[in-house]
Amino acid sequence: MLYLLIVIFLLLGVISLKIRSIFSLRNHYKKKLASLKERAANLEETVDTFRSQLRKIEEAVSETFFIYELAGKLSSLLDREKVITTFEEELNLLPSIDEIVLSPQPKKGYLIFRLATQPPQFLNVKTNYPQVKENLRVIVKMINLCLERISLYEKLHNLSIHDTLTNIYNRRYFSFRFNEEFERAKKYKLTFSLLMIDIDHFKKINDNYGHLVGDVVLRGTVKLIKESIREVDFLARYGGEEFVVILPQTDREGAFLVGERIRKSIASASIKAFDEVLNITVSIGIANYPVNSVYPNLLIEVADKALYKAKQKGRNRVEYF
(Lines give C-alpha, C1' and ligand atoms only; values in the text may rest on other atoms or scores of the structure.)
Protein backbone atom coordinates (compact mmCIF):
# COMPACT_ATOMS: atom_id res chain seq x y z
CA MET A 1 0.00 0.00 0.00
CA LEU A 2 2.84 2.32 0.88
CA TYR A 3 4.55 1.51 -2.40
CA LEU A 4 1.35 2.26 -4.28
CA LEU A 5 1.08 5.69 -2.64
CA ILE A 6 4.70 6.42 -3.48
CA VAL A 7 4.11 5.48 -7.13
CA ILE A 8 0.98 7.62 -7.28
CA PHE A 9 2.83 10.54 -5.71
CA LEU A 10 5.65 10.20 -8.23
CA LEU A 11 3.18 10.05 -11.10
CA LEU A 12 1.40 13.14 -9.82
CA GLY A 13 4.76 14.93 -9.63
CA VAL A 14 5.60 13.96 -13.20
CA ILE A 15 2.16 15.01 -14.39
CA SER A 16 2.49 18.31 -12.53
CA LEU A 17 5.85 18.96 -14.21
CA LYS A 18 4.36 18.16 -17.60
CA ILE A 19 1.43 20.50 -16.96
CA ARG A 20 3.75 23.31 -15.87
CA SER A 21 5.87 22.66 -18.96
CA ILE A 22 2.79 22.78 -21.17
CA PHE A 23 1.57 26.03 -19.58
CA SER A 24 5.05 27.52 -19.91
CA LEU A 25 5.19 26.50 -23.57
CA ARG A 26 1.69 27.89 -24.12
CA ASN A 27 2.67 31.22 -22.60
CA HIS A 28 5.81 31.25 -24.71
CA TYR A 29 3.81 30.72 -27.91
CA LYS A 30 1.20 33.24 -26.83
CA LYS A 31 3.97 35.80 -26.50
CA LYS A 32 5.38 34.70 -29.86
CA LEU A 33 1.93 35.01 -31.41
CA ALA A 34 1.44 38.45 -29.90
CA SER A 35 4.85 39.48 -31.23
CA LEU A 36 4.02 38.10 -34.67
CA LYS A 37 0.67 39.90 -34.65
CA GLU A 38 2.42 43.15 -33.71
CA ARG A 39 4.99 42.62 -36.45
CA ALA A 40 2.22 41.74 -38.88
CA ALA A 41 0.39 44.92 -37.94
CA ASN A 42 3.57 46.93 -38.44
CA LEU A 43 4.20 45.14 -41.71
CA GLU A 44 0.65 45.80 -42.84
CA GLU A 45 1.07 49.47 -41.95
CA THR A 46 4.34 49.51 -43.92
CA VAL A 47 2.63 47.82 -46.85
CA ASP A 48 -0.21 50.34 -46.70
CA THR A 49 2.30 53.19 -46.64
CA PHE A 50 4.17 51.66 -49.55
CA ARG A 51 0.92 51.16 -51.48
CA SER A 52 -0.03 54.77 -50.81
CA GLN A 53 3.35 55.97 -52.04
CA LEU A 54 3.11 53.68 -55.05
CA ARG A 55 -0.32 55.08 -55.90
CA LYS A 56 1.12 58.60 -55.73
CA ILE A 57 3.99 57.58 -57.97
CA GLU A 58 1.60 55.91 -60.41
CA GLU A 59 -0.57 59.03 -60.46
CA ALA A 60 2.47 61.22 -61.06
CA VAL A 61 3.73 58.91 -63.80
CA SER A 62 0.33 58.76 -65.48
CA GLU A 63 0.24 62.55 -65.49
CA THR A 64 3.79 63.17 -66.71
CA PHE A 65 4.81 60.12 -68.74
CA PHE A 66 3.30 61.28 -71.98
CA ILE A 67 4.63 64.79 -71.46
CA TYR A 68 8.15 63.39 -71.30
CA GLU A 69 7.38 61.27 -74.34
CA LEU A 70 6.72 64.47 -76.30
CA ALA A 71 10.00 66.11 -75.37
CA GLY A 72 12.01 64.85 -78.33
CA LYS A 73 9.34 65.77 -80.85
CA LEU A 74 8.80 69.21 -79.39
CA SER A 75 12.46 70.13 -79.16
CA SER A 76 13.08 69.27 -82.80
CA LEU A 77 9.95 70.94 -84.12
CA LEU A 78 9.41 73.98 -81.96
CA ASP A 79 12.87 75.24 -80.99
CA ARG A 80 12.45 78.45 -82.96
CA GLU A 81 11.32 82.01 -82.44
CA LYS A 82 9.04 82.36 -85.45
CA VAL A 83 5.34 81.63 -85.18
CA ILE A 84 3.83 79.33 -87.76
CA THR A 85 0.64 81.25 -88.30
CA THR A 86 -1.12 78.28 -89.88
CA PHE A 87 -1.07 76.57 -86.46
CA GLU A 88 -1.12 79.63 -84.22
CA GLU A 89 -4.00 78.33 -82.10
CA GLU A 90 -2.30 74.97 -81.49
CA LEU A 91 1.08 76.54 -80.88
CA ASN A 92 -0.37 78.58 -78.04
CA LEU A 93 -0.38 75.30 -76.10
CA LEU A 94 3.20 74.36 -76.92
CA PRO A 95 6.45 75.88 -75.62
CA SER A 96 9.83 75.95 -77.32
CA ILE A 97 11.64 73.41 -75.17
CA ASP A 98 14.25 70.74 -74.74
CA GLU A 99 12.32 69.05 -71.91
CA ILE A 100 8.93 69.51 -70.29
CA VAL A 101 7.86 68.68 -66.75
CA LEU A 102 4.74 69.55 -64.84
CA SER A 103 5.31 72.09 -62.12
CA PRO A 104 4.12 70.77 -58.71
CA GLN A 105 2.52 74.11 -57.82
CA PRO A 106 0.67 75.49 -60.84
CA LYS A 107 -0.95 78.88 -60.59
CA LYS A 108 -4.70 79.05 -60.68
CA GLY A 109 -5.93 78.84 -64.24
CA TYR A 110 -2.50 77.95 -65.65
CA LEU A 111 -0.61 74.79 -66.53
CA ILE A 112 3.06 75.46 -65.85
CA PHE A 113 5.88 73.90 -67.88
CA ARG A 114 9.49 74.12 -66.76
CA LEU A 115 11.84 74.69 -69.68
CA ALA A 116 15.20 72.93 -69.73
CA THR A 117 17.19 76.11 -70.15
CA GLN A 118 20.03 77.74 -68.27
CA PRO A 119 18.90 79.41 -66.12
CA PRO A 120 15.61 77.45 -65.85
CA GLN A 121 12.55 79.26 -67.16
CA PHE A 122 8.85 78.66 -66.64
CA LEU A 123 6.08 78.85 -69.19
CA ASN A 124 2.48 79.46 -68.11
CA VAL A 125 -0.12 78.03 -70.47
CA LYS A 126 -3.51 79.52 -69.69
CA THR A 127 -6.07 76.75 -69.36
CA ASN A 128 -8.53 75.14 -66.97
CA TYR A 129 -5.87 73.32 -64.97
CA PRO A 130 -8.07 70.85 -63.00
CA GLN A 131 -9.75 69.66 -66.19
CA VAL A 132 -6.40 69.40 -67.96
CA LYS A 133 -4.93 67.44 -65.07
CA GLU A 134 -7.87 65.04 -65.04
CA ASN A 135 -7.83 64.60 -68.81
CA LEU A 136 -4.13 64.88 -69.52
CA ARG A 137 -4.08 61.87 -71.82
CA VAL A 138 -6.71 63.53 -74.00
CA ILE A 139 -4.70 66.74 -74.01
CA VAL A 140 -1.58 64.81 -74.98
CA LYS A 141 -3.42 63.14 -77.86
CA MET A 142 -4.47 66.56 -79.05
CA ILE A 143 -0.87 67.79 -78.80
CA ASN A 144 0.32 64.73 -80.72
CA LEU A 145 -2.19 65.51 -83.44
CA CYS A 146 -0.95 69.10 -83.56
CA LEU A 147 2.62 67.86 -83.78
CA GLU A 148 1.78 65.63 -86.71
CA ARG A 149 0.19 68.55 -88.52
CA ILE A 150 3.12 70.82 -87.69
CA SER A 151 5.60 68.14 -88.80
CA LEU A 152 3.78 67.77 -92.11
CA TYR A 153 3.70 71.53 -92.53
CA GLU A 154 7.45 71.74 -91.81
CA LYS A 155 8.21 69.06 -94.39
CA LEU A 156 6.11 70.80 -97.02
CA HIS A 157 7.64 74.14 -96.08
CA ASN A 158 11.18 72.76 -96.42
CA LEU A 159 10.34 71.23 -99.78
CA SER A 160 8.98 74.55 -100.97
CA ILE A 161 12.16 76.52 -100.15
CA HIS A 162 14.88 73.97 -100.99
CA ASP A 163 16.29 72.72 -104.25
CA THR A 164 15.84 68.94 -104.17
CA LEU A 165 18.95 68.17 -106.24
CA THR A 166 21.55 70.21 -104.36
CA ASN A 167 19.71 70.58 -101.02
CA ILE A 168 20.38 74.32 -100.90
CA TYR A 169 17.77 77.07 -101.02
CA ASN A 170 15.87 77.61 -104.26
CA ARG A 171 15.19 80.73 -106.29
CA ARG A 172 11.84 81.33 -104.63
CA TYR A 173 13.37 81.53 -101.17
CA PHE A 174 16.32 83.51 -102.50
CA SER A 175 13.90 86.25 -103.63
CA PHE A 176 12.49 86.45 -100.11
CA ARG A 177 15.90 86.55 -98.41
CA PHE A 178 17.32 88.99 -100.95
CA ASN A 179 14.49 91.47 -100.38
CA GLU A 180 14.84 90.97 -96.63
CA GLU A 181 18.59 91.71 -96.75
CA PHE A 182 17.99 94.66 -99.06
CA GLU A 183 15.50 96.23 -96.64
CA ARG A 184 17.81 95.58 -93.68
CA ALA A 185 20.74 97.24 -95.44
CA LYS A 186 18.56 100.16 -96.47
CA LYS A 187 17.13 100.65 -92.98
CA TYR A 188 20.44 100.51 -91.11
CA LYS A 189 22.55 102.08 -93.88
CA LEU A 190 24.63 98.93 -94.39
CA THR A 191 26.29 97.51 -97.47
CA PHE A 192 25.95 94.03 -98.94
CA SER A 193 27.02 92.29 -102.12
CA LEU A 194 25.53 89.74 -104.47
CA LEU A 195 27.51 87.08 -106.35
CA MET A 196 26.04 85.39 -109.41
CA ILE A 197 27.94 82.21 -110.28
CA ASP A 198 27.67 80.16 -113.48
CA ILE A 199 29.43 76.87 -114.30
CA ASP A 200 31.36 77.31 -117.55
CA HIS A 201 30.35 75.07 -120.48
CA PHE A 202 27.94 73.08 -118.33
CA LYS A 203 25.80 72.17 -121.34
CA LYS A 204 28.78 70.31 -122.84
CA ILE A 205 29.12 68.29 -119.64
CA ASN A 206 25.49 67.18 -119.90
CA ASP A 207 25.83 66.47 -123.64
CA ASN A 208 29.11 64.54 -123.35
CA TYR A 209 28.64 62.68 -120.06
CA GLY A 210 24.89 62.70 -119.40
CA HIS A 211 22.65 64.40 -116.90
CA LEU A 212 23.53 62.08 -114.02
CA VAL A 213 27.15 63.21 -114.25
CA GLY A 214 25.90 66.78 -114.57
CA ASP A 215 23.95 66.37 -111.33
CA VAL A 216 27.09 65.20 -109.52
CA VAL A 217 28.96 68.23 -110.87
CA LEU A 218 26.24 70.55 -109.54
CA ARG A 219 26.41 68.99 -106.08
CA GLY A 220 30.21 69.08 -106.09
CA THR A 221 30.17 72.76 -107.07
CA VAL A 222 27.77 73.56 -104.23
CA LYS A 223 30.07 71.79 -101.76
CA LEU A 224 33.07 73.84 -102.91
CA ILE A 225 31.13 77.11 -102.75
CA LYS A 226 29.93 76.33 -99.22
CA GLU A 227 33.51 75.73 -98.12
CA SER A 228 34.52 79.16 -99.44
CA ILE A 229 31.88 81.35 -97.78
CA ARG A 230 30.88 82.27 -94.22
CA GLU A 231 28.03 80.79 -92.22
CA VAL A 232 26.21 84.13 -92.35
CA ASP A 233 26.32 84.16 -96.16
CA PHE A 234 23.32 82.86 -98.08
CA LEU A 235 23.69 80.38 -100.97
CA ALA A 236 20.88 79.41 -103.34
CA ARG A 237 20.41 77.77 -106.71
CA TYR A 238 19.17 80.44 -109.08
CA GLY A 239 18.38 78.12 -111.96
CA GLY A 240 20.11 75.45 -114.08
CA GLU A 241 23.85 75.77 -113.44
CA GLU A 242 23.58 79.24 -111.87
CA PHE A 243 23.98 79.99 -108.17
CA VAL A 244 23.69 83.18 -106.13
CA VAL A 245 25.38 84.17 -102.89
CA ILE A 246 24.27 87.03 -100.63
CA LEU A 247 27.20 88.51 -98.68
CA PRO A 248 25.85 90.64 -95.78
CA GLN A 249 27.90 93.69 -94.78
CA THR A 250 30.45 93.08 -97.54
CA ASP A 251 31.64 95.85 -99.85
CA ARG A 252 32.55 95.34 -103.51
CA GLU A 253 36.25 94.76 -102.83
CA GLY A 254 35.45 92.19 -100.14
CA ALA A 255 33.00 90.49 -102.49
CA PHE A 256 35.70 90.30 -105.16
CA LEU A 257 38.02 88.50 -102.72
CA VAL A 258 35.26 86.02 -101.87
CA GLY A 259 34.53 85.51 -105.58
CA GLU A 260 38.21 84.87 -106.31
CA ARG A 261 38.37 82.38 -103.44
CA ILE A 262 35.40 80.48 -104.85
CA ARG A 263 36.76 80.58 -108.41
CA LYS A 264 40.22 79.30 -107.42
CA SER A 265 38.77 76.60 -105.17
CA ILE A 266 36.63 75.22 -108.00
CA ALA A 267 39.32 75.57 -110.68
CA SER A 268 41.86 73.66 -108.59
CA ALA A 269 39.50 70.85 -107.59
CA SER A 270 38.60 67.66 -109.41
CA ILE A 271 35.04 66.37 -109.21
CA LYS A 272 34.64 62.60 -109.38
CA ALA A 273 31.40 61.56 -111.05
CA PHE A 274 31.03 57.79 -111.35
CA ASP A 275 33.95 56.73 -113.60
CA GLU A 276 34.69 60.28 -114.72
CA VAL A 277 36.97 62.85 -113.11
CA LEU A 278 36.11 66.35 -114.25
CA ASN A 279 37.80 69.71 -113.89
CA ILE A 280 35.48 72.67 -114.19
CA THR A 281 35.60 76.45 -113.89
CA VAL A 282 33.06 79.12 -113.00
CA SER A 283 32.41 82.71 -114.00
CA ILE A 284 31.24 85.15 -111.34
CA GLY A 285 29.49 88.52 -111.51
CA ILE A 286 29.31 90.95 -108.59
CA ALA A 287 26.80 93.66 -107.67
CA ASN A 288 26.92 95.81 -104.57
CA TYR A 289 24.41 97.85 -102.61
CA PRO A 290 24.46 100.84 -102.61
CA VAL A 291 27.29 101.26 -105.17
CA ASN A 292 25.55 99.69 -108.18
CA SER A 293 21.90 100.33 -107.39
CA VAL A 294 19.46 101.27 -104.67
CA TYR A 295 16.71 99.12 -106.23
CA PRO A 296 16.62 95.35 -105.65
CA ASN A 297 15.62 94.28 -109.17
CA LEU A 298 18.29 96.46 -110.75
CA LEU A 299 20.92 95.04 -108.39
CA ILE A 300 20.19 91.52 -109.63
CA GLU A 301 20.35 92.79 -113.20
CA VAL A 302 23.76 94.37 -112.55
CA ALA A 303 25.08 91.07 -111.13
CA ASP A 304 23.76 89.26 -114.21
CA LYS A 305 25.46 91.76 -116.54
CA ALA A 306 28.71 91.42 -114.60
CA LEU A 307 28.47 87.64 -115.04
CA TYR A 308 27.94 88.11 -118.79
CA LYS A 309 30.99 90.39 -118.82
CA ALA A 310 33.09 87.63 -117.19
CA LYS A 311 31.96 85.16 -119.84
CA GLN A 312 32.69 87.60 -122.64
CA LYS A 313 36.23 88.04 -121.33
CA GLY A 314 36.97 84.33 -121.56
CA ARG A 315 35.23 82.74 -118.53
CA ASN A 316 36.87 81.54 -115.30
CA ARG A 317 36.83 85.15 -114.11
CA VAL A 318 35.30 87.45 -111.50
CA GLU A 319 33.91 90.76 -112.79
CA TYR A 320 31.96 93.75 -111.49
CA PHE A 321 30.86 97.19 -112.68
# chains A, B, ... in the order shown; residues from 1 in each chain; ligands from 1
>>> residues_around(residues="Val217 of chain A", least_positions_apart="3", cutoff="9 Å", atoms="only C-alpha atoms", output="list in words")
Phe202, Ile205, Leu212, Val213, Gly214, Gly220, Thr221, Val222, Ile271, Lys272, Ala273, Leu278 and Ile280 of chain A
>>> select_by_dssp(residues="segment 173-313 of chain A", states="alpha helix (DSSP H)", output="PyMOL selection string")
chain A and resi 173-188+202-209+211-228+252-267+296-312
>>> atom_distance(atom1="atom CA of Ser228 of chain A", atom2="atom CA of Arg261 of chain A")
6.4 Å
>>> atom_distance(atom1="atom CA of Lys311 of chain A", atom2="atom CA of Glu231 of chain A")
28.2 Å
>>> residues_around(residues="Ala303 of chain A", least_positions_apart="2", cutoff="7 Å", atoms="only C-alpha atoms", output="list in words")
Leu194, Leu195, Met196, Gly285, Ile286, Ala287, Leu299, Ile300, Glu301, Lys305, Ala306 and Leu307 of chain A
>>> write_last_selection(atoms="N, CA and C atoms", output="PDB file, in the first residue's frame")
ATOM      1  N   LEU A 194      26.181  90.896-103.863  1.00  0.00           N
ATOM      2  CA  LEU A 194      25.531  89.737-104.466  1.00  0.00           C
ATOM      3  C   LEU A 194      26.475  89.122-105.490  1.00  0.00           C
ATOM      4  N   LEU A 195      26.715  87.816-105.372  1.00  0.00           N
ATOM      5  CA  LEU A 195      27.506  87.078-106.353  1.00  0.00           C
ATOM      6  C   LEU A 195      26.574  86.240-107.203  1.00  0.00           C
ATOM      7  N   MET A 196      26.752  86.284-108.509  1.00  0.00           N
ATOM      8  CA  MET A 196      26.040  85.394-109.412  1.00  0.00           C
ATOM      9  C   MET A 196      27.075  84.491-110.070  1.00  0.00           C
ATOM     10  N   GLY A 285      29.798  87.100-111.416  1.00  0.00           N
ATOM     11  CA  GLY A 285      29.492  88.522-111.513  1.00  0.00           C
ATOM     12  C   GLY A 285      29.129  89.077-110.150  1.00  0.00           C
ATOM     13  N   ILE A 286      29.526  90.330-109.902  1.00  0.00           N
ATOM     14  CA  ILE A 286      29.308  90.950-108.594  1.00  0.00           C
ATOM     15  C   ILE A 286      28.470  92.213-108.734  1.00  0.00           C
ATOM     16  N   ALA A 287      27.536  92.396-107.806  1.00  0.00           N
ATOM     17  CA  ALA A 287      26.801  93.656-107.672  1.00  0.00           C
ATOM     18  C   ALA A 287      26.802  94.039-106.205  1.00  0.00           C
ATOM     19  N   LEU A 299      19.692  95.619-108.949  1.00  0.00           N
ATOM     20  CA  LEU A 299      20.918  95.043-108.392  1.00  0.00           C
ATOM     21  C   LEU A 299      21.147  93.635-108.943  1.00  0.00           C
ATOM     22  N   ILE A 300      20.079  92.858-109.042  1.00  0.00           N
ATOM     23  CA  ILE A 300      20.193  91.519-109.629  1.00  0.00           C
ATOM     24  C   ILE A 300      20.582  91.624-111.096  1.00  0.00           C
ATOM     25  N   GLU A 301      20.023  92.592-111.783  1.00  0.00           N
ATOM     26  CA  GLU A 301      20.346  92.791-113.199  1.00  0.00           C
ATOM     27  C   GLU A 301      21.815  93.168-113.379  1.00  0.00           C
ATOM     28  N   LYS A 305      24.641  91.134-115.493  1.00  0.00           N
ATOM     29  CA  LYS A 305      25.456  91.760-116.542  1.00  0.00           C
ATOM     30  C   LYS A 305      26.943  91.580-116.253  1.00  0.00           C
ATOM     31  N   ALA A 306      27.315  91.648-114.969  1.00  0.00           N
ATOM     32  CA  ALA A 306      28.712  91.421-114.602  1.00  0.00           C
ATOM     33  C   ALA A 306      29.120  89.979-114.901  1.00  0.00           C
ATOM     34  N   LEU A 307      28.207  89.043-114.701  1.00  0.00           N
ATOM     35  CA  LEU A 307      28.469  87.643-115.045  1.00  0.00           C
ATOM     36  C   LEU A 307      28.670  87.495-116.549  1.00  0.00           C
TER      37      LEU A 307
END
>>> select_by_dssp(residues="segment 133-262 of chain A", states="strand (DSSP E or B)", output="ChimeraX atom specification")
/A:162,169,192-199,234-239,242-248
>>> atom_distance(atom1="atom CA of Leu224 of chain A", atom2="atom CA of Gln312 of chain A")
24.1 Å
>>> residues_around(residues="Asp198 of chain A", least_positions_apart="5", cutoff="6 Å", atoms="only C-alpha atoms", output="list in words")
Glu241, Glu242, Val282 and Ser283 of chain A
